[in-house]
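> One file: upload_9.tsv (TSV, C-alpha atoms).
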```
chain	number	residue	atom	x	y	z
S	18	MET	CA	-8.29	-21.55	-1.85
S	19	SER	CA	-8.04	-19.50	-5.03
S	20	ASP	CA	-8.24	-20.52	-8.64
S	21	LEU	CA	-6.67	-18.73	-11.58
S	22	ARG	CA	-8.40	-18.78	-14.92
S	23	PHE	CA	-6.93	-17.20	-18.00
S	24	ASN	CA	-9.33	-14.94	-19.86
S	25	GLU	CA	-8.41	-15.55	-23.49
S	26	LEU	CA	-10.28	-12.55	-24.85
S	27	ARG	CA	-8.57	-10.12	-22.52
S	28	GLY	CA	-5.28	-11.98	-22.31
S	29	GLU	CA	-5.26	-11.72	-18.54
S	30	GLN	CA	-5.62	-13.84	-15.43
S	31	VAL	CA	-8.76	-13.74	-13.33
S	32	ASP	CA	-8.51	-14.92	-9.74
S	33	TYR	CA	-11.43	-16.71	-8.12
S	34	ALA	CA	-11.24	-16.54	-4.32
S	35	ILE	CA	-14.81	-17.42	-3.44
S	36	HIS	CA	-14.11	-17.68	0.28
S	37	ARG	CA	-13.74	-13.88	0.24
S	38	GLN	CA	-17.49	-13.55	-0.19
S	39	ASP	CA	-17.85	-14.05	3.56
S	40	ARG	CA	-15.00	-11.85	4.72
S	41	THR	CA	-15.45	-9.39	7.57
S	42	PHE	CA	-17.55	-6.49	6.33
S	43	LEU	CA	-17.68	-3.14	8.13
S	44	PRO	CA	-17.65	-4.52	11.68
S	45	SER	CA	-18.75	-2.41	14.61
S	46	ARG	CA	-16.13	-0.37	16.39
S	47	GLU	CA	-16.02	-2.91	19.24
S	48	HIS	CA	-15.28	-5.80	16.88
S	49	CYS	CA	-12.57	-4.34	14.67
S	50	PRO	CA	-10.14	-7.16	13.87
S	51	LEU	CA	-7.29	-4.72	13.28
S	52	ASP	CA	-7.40	-3.10	16.71
S	53	PRO	CA	-5.04	-4.35	19.41
S	54	THR	CA	-6.43	-7.03	21.69
S	55	ARG	CA	-7.56	-5.26	24.84
S	56	PRO	CA	-7.57	-7.16	28.14
S	57	GLY	CA	-10.89	-8.92	28.57
S	58	ALA	CA	-12.02	-8.16	25.03
S	59	PRO	CA	-12.35	-10.58	22.09
S	60	ALA	CA	-9.08	-11.47	20.41
S	61	THR	CA	-8.29	-9.55	17.24
S	62	GLU	CA	-5.78	-10.29	14.52
S	63	ILE	CA	-3.07	-8.75	16.69
S	64	PRO	CA	-2.98	-10.56	20.05
S	65	PHE	CA	-1.18	-7.79	21.90
S	66	PRO	CA	-2.51	-4.82	23.87
S	67	SER	CA	-0.44	-2.45	21.75
S	68	PHE	CA	1.64	-2.45	18.60
S	69	GLU	CA	3.17	-0.02	16.14
S	70	ILE	CA	2.89	-1.59	12.66
S	71	ALA	CA	1.61	-5.11	12.09
S	72	VAL	CA	1.58	-7.26	8.98
S	73	PHE	CA	-0.24	-10.57	8.82
S	74	GLU	CA	-1.37	-13.06	6.22
S	75	ASN	CA	-4.91	-12.23	5.21
S	76	LYS	CA	-7.55	-14.49	6.72
S	77	PHE	CA	-9.44	-14.25	3.45
S	78	PRO	CA	-6.58	-14.28	0.98
S	79	ALA	CA	-6.88	-13.69	-2.74
S	80	PHE	CA	-3.62	-15.58	-3.22
S	81	VAL	CA	-2.07	-18.34	-1.15
S	82	ALA	CA	1.28	-20.10	-1.23
S	83	PRO	CA	2.57	-21.78	-3.31
S	84	GLU	CA	0.82	-19.43	-5.76
S	85	GLY	CA	1.34	-16.04	-4.22
S	86	VAL	CA	0.39	-14.34	-0.97
S	87	ALA	CA	-1.99	-11.76	0.45
S	88	GLU	CA	-1.03	-9.70	3.49
S	89	VAL	CA	-2.69	-6.99	5.53
S	90	VAL	CA	-0.57	-4.05	6.71
S	91	VAL	CA	-1.99	-2.31	9.77
S	92	TYR	CA	-0.54	1.19	9.86
S	93	THR	CA	-1.23	1.93	13.51
S	94	GLU	CA	-2.93	0.60	16.59
S	95	GLN	CA	-5.25	3.61	16.47
S	96	HIS	CA	-8.68	2.69	15.12
S	97	GLU	CA	-9.39	6.14	13.73
S	98	GLY	CA	-7.27	8.07	11.29
S	99	SER	CA	-5.43	7.53	8.06
S	100	LEU	CA	-2.02	7.52	6.45
S	101	ALA	CA	-2.13	11.29	6.89
S	102	THR	CA	-2.68	11.25	10.64
S	103	LEU	CA	0.20	8.92	11.50
S	104	PRO	CA	2.99	10.56	13.49
S	105	GLN	CA	5.73	11.46	11.02
S	106	HIS	CA	8.15	8.85	12.36
S	107	GLN	CA	5.50	6.16	12.02
S	108	ALA	CA	4.81	7.09	8.43
S	109	GLU	CA	8.54	6.72	7.80
S	110	ASP	CA	8.52	3.37	9.58
S	111	LEU	CA	5.71	2.31	7.28
S	112	MET	CA	8.00	2.93	4.29
S	113	TRP	CA	10.56	0.61	5.87
S	114	ALA	CA	7.89	-2.01	6.59
S	115	TRP	CA	6.78	-1.84	2.94
S	116	ARG	CA	10.40	-2.14	1.86
S	117	HIS	CA	10.88	-5.18	4.12
S	118	ARG	CA	7.87	-6.90	2.63
S	119	TYR	CA	8.86	-6.08	-0.95
S	120	GLU	CA	12.31	-7.60	-0.39
S	121	GLU	CA	11.11	-10.67	1.45
S	122	LEU	CA	8.10	-11.50	-0.67
S	123	GLY	CA	10.00	-10.64	-3.82
S	124	ALA	CA	12.60	-13.25	-2.96
S	125	ARG	CA	9.99	-16.01	-3.12
S	126	GLU	CA	10.07	-18.23	-6.18
S	127	ASP	CA	6.29	-18.20	-6.53
S	128	ILE	CA	5.95	-14.40	-6.59
S	129	GLU	CA	6.48	-12.40	-9.77
S	130	TYR	CA	5.14	-9.04	-8.61
S	131	VAL	CA	4.78	-7.50	-5.15
S	132	PHE	CA	1.84	-5.10	-5.16
S	133	ILE	CA	1.49	-2.75	-2.19
S	134	PHE	CA	-1.82	-0.91	-2.15
S	135	GLU	CA	-4.50	0.72	-0.06
S	136	ASN	CA	-8.25	0.97	-0.52
S	137	ARG	CA	-9.60	3.90	1.47
S	138	GLY	CA	-13.29	4.59	1.87
S	139	VAL	CA	-16.48	2.62	1.34
S	140	GLU	CA	-16.71	4.29	-2.05
S	141	VAL	CA	-13.89	2.06	-3.27
S	142	GLY	CA	-15.06	-1.04	-1.43
S	143	THR	CA	-13.20	-0.83	1.86
S	144	THR	CA	-14.60	-3.31	4.37
S	145	LEU	CA	-12.60	-2.19	7.42
S	146	HIS	CA	-12.16	1.40	8.57
S	147	HIS	CA	-9.03	0.92	10.69
S	148	PRO	CA	-6.08	2.51	8.80
S	149	HIS	CA	-4.51	-0.27	6.79
S	150	GLY	CA	-3.33	-1.39	3.39
S	151	GLN	CA	-2.62	-4.67	1.74
S	152	ILE	CA	0.08	-6.48	-0.18
S	153	TYR	CA	-0.57	-9.00	-2.91
S	154	GLY	CA	2.23	-11.21	-4.13
S	155	TYR	CA	1.08	-12.16	-7.60
S	156	PRO	CA	2.33	-15.42	-9.12
S	157	PHE	CA	2.34	-13.69	-12.51
S	158	LEU	CA	3.04	-10.24	-13.94
S	159	PRO	CA	-0.25	-8.33	-13.74
S	160	PRO	CA	-1.46	-6.44	-16.80
S	161	VAL	CA	-0.90	-2.91	-15.50
S	162	ALA	CA	2.71	-3.69	-14.63
S	163	ALA	CA	3.17	-5.22	-18.05
S	164	LEU	CA	1.71	-2.12	-19.72
S	165	GLU	CA	4.17	0.11	-17.89
S	166	LEU	CA	7.11	-2.01	-18.99
S	167	ALA	CA	5.72	-1.86	-22.52
S	168	ALA	CA	5.67	1.93	-22.21
S	169	ASP	CA	9.39	1.83	-21.42
S	170	ALA	CA	9.95	-0.16	-24.60
S	171	ARG	CA	7.70	2.12	-26.67
S	172	LEU	CA	9.47	5.27	-25.44
S	173	ASP	CA	12.86	3.59	-25.61
S	174	GLY	CA	13.74	4.44	-22.04
S	175	CYS	CA	12.22	4.88	-18.60
S	176	ALA	CA	8.67	6.13	-19.17
S	177	PRO	CA	8.16	7.47	-15.62
S	178	CYS	CA	11.48	9.36	-15.83
S	179	MET	CA	10.41	10.95	-19.13
S	180	LEU	CA	6.95	11.80	-17.87
S	181	LEU	CA	8.37	13.29	-14.69
S	182	ALA	CA	10.70	15.48	-16.71
S	183	ARG	CA	7.80	16.68	-18.86
S	184	GLU	CA	5.68	17.47	-15.83
S	185	LEU	CA	8.48	19.41	-14.17
S	186	GLU	CA	9.08	21.39	-17.35
S	187	ASP	CA	5.40	22.18	-17.74
S	188	GLY	CA	4.71	22.74	-14.02
S	189	ALA	CA	0.95	23.18	-14.39
S	190	ARG	CA	0.10	19.85	-12.85
S	191	VAL	CA	2.78	19.59	-10.16
S	192	VAL	CA	1.09	19.75	-6.77
S	193	TYR	CA	3.98	19.05	-4.38
S	194	GLU	CA	7.75	19.01	-4.57
S	195	SER	CA	10.59	18.31	-2.20
S	196	GLU	CA	14.28	17.61	-2.63
S	197	HIS	CA	13.62	13.96	-3.35
S	198	VAL	CA	9.96	13.58	-4.33
S	199	VAL	CA	7.52	15.10	-6.83
S	200	VAL	CA	3.73	14.71	-6.87
S	201	TYR	CA	1.66	15.64	-9.90
S	202	VAL	CA	-1.70	15.13	-11.52
S	203	PRO	CA	-0.72	13.37	-14.75
S	204	TYR	CA	-1.18	15.00	-18.16
S	205	ALA	CA	-3.48	12.12	-19.15
S	206	ALA	CA	-5.07	11.53	-15.74
S	207	ARG	CA	-8.02	9.18	-15.86
S	208	TRP	CA	-9.48	10.20	-12.52
S	209	ALA	CA	-10.30	13.82	-11.65
S	210	TYR	CA	-7.84	14.00	-8.77
S	211	GLU	CA	-5.47	11.24	-9.84
S	212	ALA	CA	-1.97	11.86	-8.50
S	213	HIS	CA	1.37	10.22	-9.09
S	214	VAL	CA	4.12	10.29	-6.47
S	215	LEU	CA	7.66	9.77	-7.75
S	216	VAL	CA	11.13	9.81	-6.31
S	217	ARG	CA	13.17	12.16	-8.53
S	218	GLU	CA	15.98	9.65	-8.96
S	219	HIS	CA	15.40	6.57	-11.04
S	220	ARG	CA	14.69	3.94	-8.40
S	221	PRO	CA	13.26	0.64	-9.68
S	222	SER	CA	11.76	-0.19	-6.31
S	223	ILE	CA	11.35	0.90	-2.74
S	224	ALA	CA	14.28	-1.34	-1.91
S	225	ALA	CA	16.53	0.92	-4.00
S	226	CYS	CA	15.55	4.10	-2.16
S	227	THR	CA	17.92	5.75	0.27
S	228	PRO	CA	16.79	6.39	3.85
S	229	SER	CA	16.39	10.08	3.00
S	230	GLU	CA	14.21	9.19	0.02
S	231	LEU	CA	12.06	6.91	2.16
S	232	ALA	CA	11.56	9.70	4.67
S	233	ALA	CA	10.73	12.12	1.87
S	234	LEU	CA	8.30	9.63	0.36
S	235	ALA	CA	6.49	9.34	3.68
S	236	ARG	CA	6.22	13.14	3.97
S	237	ALA	CA	4.94	13.44	0.41
S	238	LEU	CA	2.30	10.75	0.86
S	239	GLN	CA	1.10	12.36	4.07
S	240	ALA	CA	1.02	15.81	2.49
S	241	LEU	CA	-0.97	14.46	-0.45
S	242	VAL	CA	-3.54	12.67	1.69
S	243	ARG	CA	-3.92	15.71	3.97
S	244	GLY	CA	-4.44	17.78	0.86
S	245	TYR	CA	-6.99	15.34	-0.48
S	246	ASP	CA	-8.96	15.55	2.75
S	247	ALA	CA	-8.90	19.33	2.51
S	248	VAL	CA	-10.23	19.48	-1.09
S	249	PHE	CA	-13.85	18.92	-0.05
S	250	ASP	CA	-13.20	19.09	3.70
S	251	ARG	CA	-14.05	15.42	4.14
S	252	PRO	CA	-12.13	12.12	4.11
S	253	PHE	CA	-11.15	11.56	0.51
S	254	PRO	CA	-11.62	7.98	-0.74
S	255	TYR	CA	-8.94	6.57	-2.99
S	256	VAL	CA	-7.14	3.54	-4.26
S	257	MET	CA	-3.40	3.86	-3.70
S	258	ALA	CA	-1.28	1.63	-5.95
S	259	MET	CA	2.49	1.26	-5.63
S	260	HIS	CA	4.07	0.32	-8.96
S	261	GLN	CA	7.65	-0.88	-8.98
S	262	ALA	CA	10.00	-3.44	-10.44
S	263	PRO	CA	8.68	-6.97	-10.87
S	264	THR	CA	10.53	-9.40	-8.65
S	265	GLY	CA	10.22	-12.27	-11.11
S	266	GLY	CA	11.08	-12.67	-14.76
S	267	PRO	CA	14.18	-11.21	-16.42
S	268	GLN	CA	16.27	-8.79	-14.36
S	269	PRO	CA	14.20	-9.15	-11.16
S	270	GLY	CA	14.02	-5.95	-9.18
S	271	GLN	CA	15.57	-3.88	-11.95
S	272	ARG	CA	12.90	-3.12	-14.54
S	273	GLY	CA	10.58	-0.18	-13.96
S	274	HIS	CA	10.56	2.97	-11.83
S	275	LEU	CA	8.96	3.14	-8.41
S	276	HIS	CA	5.92	5.37	-8.35
S	277	ILE	CA	2.72	5.49	-6.36
S	278	GLU	CA	-0.55	6.24	-8.11
S	279	PHE	CA	-3.70	7.49	-6.42
S	280	TYR	CA	-7.13	6.95	-7.99
S	281	PRO	CA	-9.74	8.94	-6.05
S	282	PRO	CA	-13.27	8.35	-7.30
S	283	LEU	CA	-14.69	11.73	-6.22
S	284	ARG	CA	-15.08	14.29	-9.00
S	285	THR	CA	-17.05	16.76	-6.86
S	286	ALA	CA	-17.88	16.74	-3.15
S	287	GLN	CA	-20.96	14.63	-3.83
S	288	LYS	CA	-20.33	12.95	-7.17
S	289	LEU	CA	-18.36	9.83	-7.90
S	290	LYS	CA	-16.67	8.83	-11.09
S	291	PHE	CA	-18.12	5.46	-12.08
S	292	LEU	CA	-16.46	3.04	-14.46
S	293	ALA	CA	-19.29	2.67	-16.91
S	294	GLY	CA	-19.72	1.79	-20.56
S	295	SER	CA	-16.75	3.49	-22.15
S	296	GLU	CA	-14.36	2.68	-19.31
S	297	GLN	CA	-15.33	-0.96	-18.81
S	298	GLY	CA	-16.56	-1.84	-22.25
S	299	ALA	CA	-14.08	0.03	-24.40
S	300	GLY	CA	-11.20	0.74	-22.02
S	301	THR	CA	-11.41	4.48	-22.58
S	302	PHE	CA	-11.89	6.89	-19.71
S	303	ILE	CA	-14.16	9.87	-20.25
S	304	SER	CA	-13.34	12.73	-17.85
S	305	ASP	CA	-15.36	15.89	-17.17
S	306	THR	CA	-12.49	17.73	-15.51
S	307	LEU	CA	-9.15	18.91	-16.82
S	308	PRO	CA	-5.99	17.77	-15.01
S	309	GLU	CA	-4.67	21.34	-14.91
S	310	GLU	CA	-7.78	22.53	-13.08
S	311	THR	CA	-7.91	19.73	-10.52
S	312	ALA	CA	-4.17	20.06	-10.01
S	313	ALA	CA	-4.63	23.73	-9.11
S	314	THR	CA	-7.34	22.81	-6.62
S	315	LEU	CA	-5.25	20.02	-5.13
S	316	ARG	CA	-2.11	22.17	-4.96
S	317	GLU	CA	-3.98	24.83	-3.01
S	318	ALA	CA	-5.50	22.19	-0.71
S	319	ILE	CA	-2.11	20.64	0.00
S	320	THR	CA	-0.71	24.04	0.88
S	321	ARG	CA	-3.69	24.86	3.07
S	322	ALA	CA	-3.51	21.53	4.90
S	323	ALA	CA	0.22	21.65	5.55
H	12	MET	CA	0.77	-18.03	19.35
H	13	THR	CA	4.03	-19.75	18.55
H	14	PRO	CA	7.34	-18.52	17.25
H	15	GLY	CA	7.65	-18.54	13.46
H	16	PRO	CA	10.08	-20.90	11.74
H	17	GLU	CA	12.51	-18.07	11.20
H	18	ASP	CA	12.47	-17.08	14.83
H	19	PRO	CA	15.53	-17.84	16.94
H	20	ALA	CA	13.20	-19.20	19.61
H	21	ALA	CA	12.43	-22.11	17.31
H	22	SER	CA	15.99	-23.29	17.79
H	23	GLY	CA	15.66	-23.10	21.54
H	24	ASP	CA	18.54	-20.67	21.78
H	25	ALA	CA	16.68	-17.39	22.42
H	26	ALA	CA	15.05	-16.19	25.62
H	27	PRO	CA	11.39	-17.17	26.09
H	28	ARG	CA	9.00	-15.12	23.94
H	29	PRO	CA	6.54	-13.06	25.99
H	30	SER	CA	3.01	-14.36	25.79
H	31	PRO	CA	0.36	-11.86	24.85
H	32	GLU	CA	-1.76	-12.94	27.80
H	33	SER	CA	0.95	-12.13	30.33
H	34	GLY	CA	1.23	-8.55	29.16
H	35	ALA	CA	5.00	-8.96	29.33
H	36	ALA	CA	7.51	-6.97	27.32
H	37	PRO	CA	5.66	-5.00	24.65
H	38	PRO	CA	6.17	-5.80	21.00
H	39	GLY	CA	9.43	-4.51	19.62
H	40	GLU	CA	11.37	-5.03	22.80
H	41	ALA	CA	11.33	-8.82	22.86
H	42	PRO	CA	14.77	-10.38	22.47
H	43	GLY	CA	13.80	-12.31	19.34
H	44	GLY	CA	13.42	-9.25	17.12
H	45	GLU	CA	15.76	-8.65	14.20
H	46	PRO	CA	16.94	-5.19	13.16
H	47	TYR	CA	15.89	-3.78	9.80
H	48	GLY	CA	16.89	-0.20	9.16
H	49	PRO	CA	15.46	1.82	12.03
H	50	LEU	CA	13.03	-0.96	12.90
H	51	LEU	CA	12.91	-4.09	15.00
H	52	VAL	CA	11.08	-6.95	13.28
H	53	GLU	CA	9.36	-9.68	15.26
H	54	ARG	CA	8.12	-12.77	13.47
H	55	LEU	CA	5.32	-14.78	15.03
H	56	ARG	CA	2.75	-17.39	14.05
H	57	LYS	CA	-0.90	-16.97	14.87
H	58	ASP	CA	-2.77	-19.90	16.35
H	59	ASP	CA	-4.13	-20.79	12.94
H	60	GLY	CA	-0.65	-20.84	11.44
H	61	ARG	CA	-0.78	-17.49	9.66
H	62	ALA	CA	2.34	-15.37	9.81
H	63	LEU	CA	2.26	-12.20	11.88
H	64	ILE	CA	5.09	-9.67	11.71
H	65	LEU	CA	5.38	-6.77	14.14
H	66	PHE	CA	7.46	-3.74	13.21
H	67	SER	CA	8.52	-1.29	15.86
H	68	ARG	CA	11.07	1.49	16.05
H	69	ARG	CA	14.30	0.34	17.60
H	70	ARG	CA	14.84	1.80	21.02
H	71	ALA	CA	18.13	3.47	21.91
H	72	GLU	CA	20.58	1.12	23.59
```
Turn the structure described in the file into structure tokens.


Amino acid sequence: MSDLRFNELRGEQVDYAIHRQDRTFLPSREHCPLDPTRPGAPATEIPFPSFEIAVFENKFPAFVAPEGVAEVVVYTEQHEGSLATLPQHQAEDLMWAWRHRYEELGAREDIEYVFIFENRGVEVGTTLHHPHGQIYGYPFLPPVAALELAADARLDGCAPCMLLARELEDGARVVYESEHVVVYVPYAARWAYEAHVLVREHRPSIAACTPSELAALARALQALVRGYDAVFDRPFPYVMAMHQAPTGGPQPGQRGHLHIEFYPPLRTAQKLKFLAGSEQGAGTFISDTLPEETAATLREAITRAA
Amino acid sequence: MTPGPEDPAASGDAAPRPSPESGAAPPGEAPGGEPYGPLLVERLRKDDGRALILFSRRRAE
């Protein structure tokens, strides 16, 4: 159902999943496939009248066994809302569900990298509004993960640990802190309101986190998304990308440092950051905001929304 | 909807799985669930063979 082709110029895989062209696209409220199946109503992906968190193999998968997997993670049975509006215990449960999937999918021979992510908002290409994320089990190490491991080699140690220490020392871009988790706009942020969420301790993956750290991670993610929504007083679109240890290759589950990156495309309330010539053609982001300034805005919004 | 291959019901040893149509025991309280941290994990197969996993908070005994 999908075909991998290696792009020699870029040195990366490209996945062709042409069946995805016809996937469900912004259905009406009455036909949301991620809602519970109500009595007398059309069956959805979850054939129960209620549920808490559901994970299912994507009907329009980008990757299929024996060359990977694509799953949908439905955060709640509620059609409206977001990661931020989940009850606190449910957000914590979501961390455990993510952990469960990372462990189980990571144990598969055909999966090298478990990628947990969320696309929020039509601005980033979301096709379903119901609060949800996805998981891709890649049959290879994707380029971004490889770059981060290369950063570890270049800096002769854990790059996220070093960057976290620098951010904490500087302080200007830290937007949220708790006993276990720090959130900051990175020094070299590519997106105006890009944020990185890290557990203070060096944890290669979500599987290595303690229960307290998982709970703290859930609180931090919710605080960040609430803050985002308060920046321009509107739902804030973003791509959320969880980076953690590859589950294939040498030392599976051990290389890397769990962190969650947010790429929101808004640079003002009405303007989007587009990936244009320099970004796509030359691989160099051009930003018209400074991380210190957007961090100050985001920090204030997080405080206000708490 | 059928039990997944990992489900105890597949071995015939577990109690019958509630059918969604019957509205019987809600997800997370079916006997086939396995504990995972604070959660109960139910593994199912959709009619088209795709895996479906339901996570729910474990209820107090």

> Taking all atoms listed in the file into account, which of S:His219, S:Arg190, S:His96, S:Lys76 comes nearest His149 (chain S)?

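Among the listed residues, S:His96 lies closest to His149 (chain S).
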
> Which residue is closest to chain H? Choose from S:His213, S:Arg118, S:His274, S:Arg40 and count only C-alpha atoms.

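Among the listed residues, S:Arg118 lies closest to chain H.
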
> What is the CA of Trp208 (chain S)-CA of Leu307 (chain S) distance in Å, reported with one decimal?

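Here the two named atoms are 9.7 Å from each other.
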
> What is the CA of Tyr153 (chain S) to CA of Gly85 (chain S) distance in Å?

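Going from CA of Tyr153 (chain S) over to CA of Gly85 (chain S) covers 7.4 Å.
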
> Which residue, H:Arg61, H:Arg54, H:Gly44, H:Arg70, has the smallest gap to chain S when you use only C-alpha atoms?

H:Arg61

> Write out as a tab-separated table (two decimals) with C-alpha atoms, in the frame of the given file every residue belonging to chain H that has an atom at most 6 Å from any atom of chain S, counting all atoms listed in the file.


```tsv
chain	number	residue	atom	x	y	z
H	31	PRO	CA	0.36	-11.86	24.85
H	61	ARG	CA	-0.78	-17.49	9.66
H	62	ALA	CA	2.34	-15.37	9.81
H	63	LEU	CA	2.26	-12.20	11.88
H	64	ILE	CA	5.09	-9.67	11.71
H	65	LEU	CA	5.38	-6.77	14.14
H	66	PHE	CA	7.46	-3.74	13.21
H	67	SER	CA	8.52	-1.29	15.86
```

> Provide the CA of Asp39 (chain S) to CA of Phe80 (chain S) distance in Å, to one decimal place.

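A separation of 15.8 Å between them.
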
> Might you pull out every residue within 10 Å of Gly154 (chain S), with only C-alpha atoms counted and same-chain residues fewer than 2 positions away left off, and present them as a list in words?

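Counting only the stated atoms, we get Ala79, Phe80, Val81, Ala82, Glu84, Gly85, Val86, Ala87, Glu88, Arg118, Tyr119, Leu122, Gly123, Arg125, Asp127, Ile128, Glu129, Tyr130, Val131, Phe132, Ile133, Ile152, Pro156, Phe157, Leu158 and Thr264 of chain S.
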
> Would you mind listing what lies within 10 Å of Ser229 (chain S) as an MDAnalysis selection string, with all atoms listed in the file counted and same-chain residues fewer than 4 positions away left out?

chainID S and resid 109 196:197 233:235

> Nearest residue to Gly98 (chain S) out of S:Val242, S:Leu185, S:Val191, S:Ala58, using all atoms listed in the file?

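Distance minimum relative to Gly98 (chain S) lands on S:Val242.
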
> Please list as a PDB file with C-alpha atoms, in the coordinates of the input every residue within 6 Å of region 245-255 of chain S, counting all atoms listed in the file and excluding residues in the same chain fewer than 2 positions away.


```
ATOM      1  CA  ARG S 137      -9.600   3.900   1.470  1.00  0.00           C
ATOM      2  CA  GLY S 138     -13.290   4.590   1.870  1.00  0.00           C
ATOM      3  CA  VAL S 242      -3.540  12.670   1.690  1.00  0.00           C
ATOM      4  CA  ARG S 243      -3.920  15.710   3.970  1.00  0.00           C
ATOM      5  CA  TYR S 280      -7.130   6.950  -7.990  1.00  0.00           C
ATOM      6  CA  PRO S 281      -9.740   8.940  -6.050  1.00  0.00           C
ATOM      7  CA  ALA S 286     -17.880  16.740  -3.150  1.00  0.00           C
ATOM      8  CA  ALA S 318      -5.500  22.190  -0.710  1.00  0.00           C
TER       9      ALA S 318
END
```

> Which polymer residues have any atom within 7 Å of an atom of Thr144 (chain S), counting all atoms listed in the file, with same-chain residues fewer than 2 positions away left out, as a list in words?

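Residues meeting the cut-off are Thr41, Phe42, Leu43, Val139, Gly142 and His146 of chain S.
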
> Can you pull out every residue within 7 Å of region 23-38 of chain S, counting all atoms listed in the file, but drop anything in the same chain fewer than 3 positions away, and send it as a PyMOL selection string?

chain S and resi 18-20+77+79+160
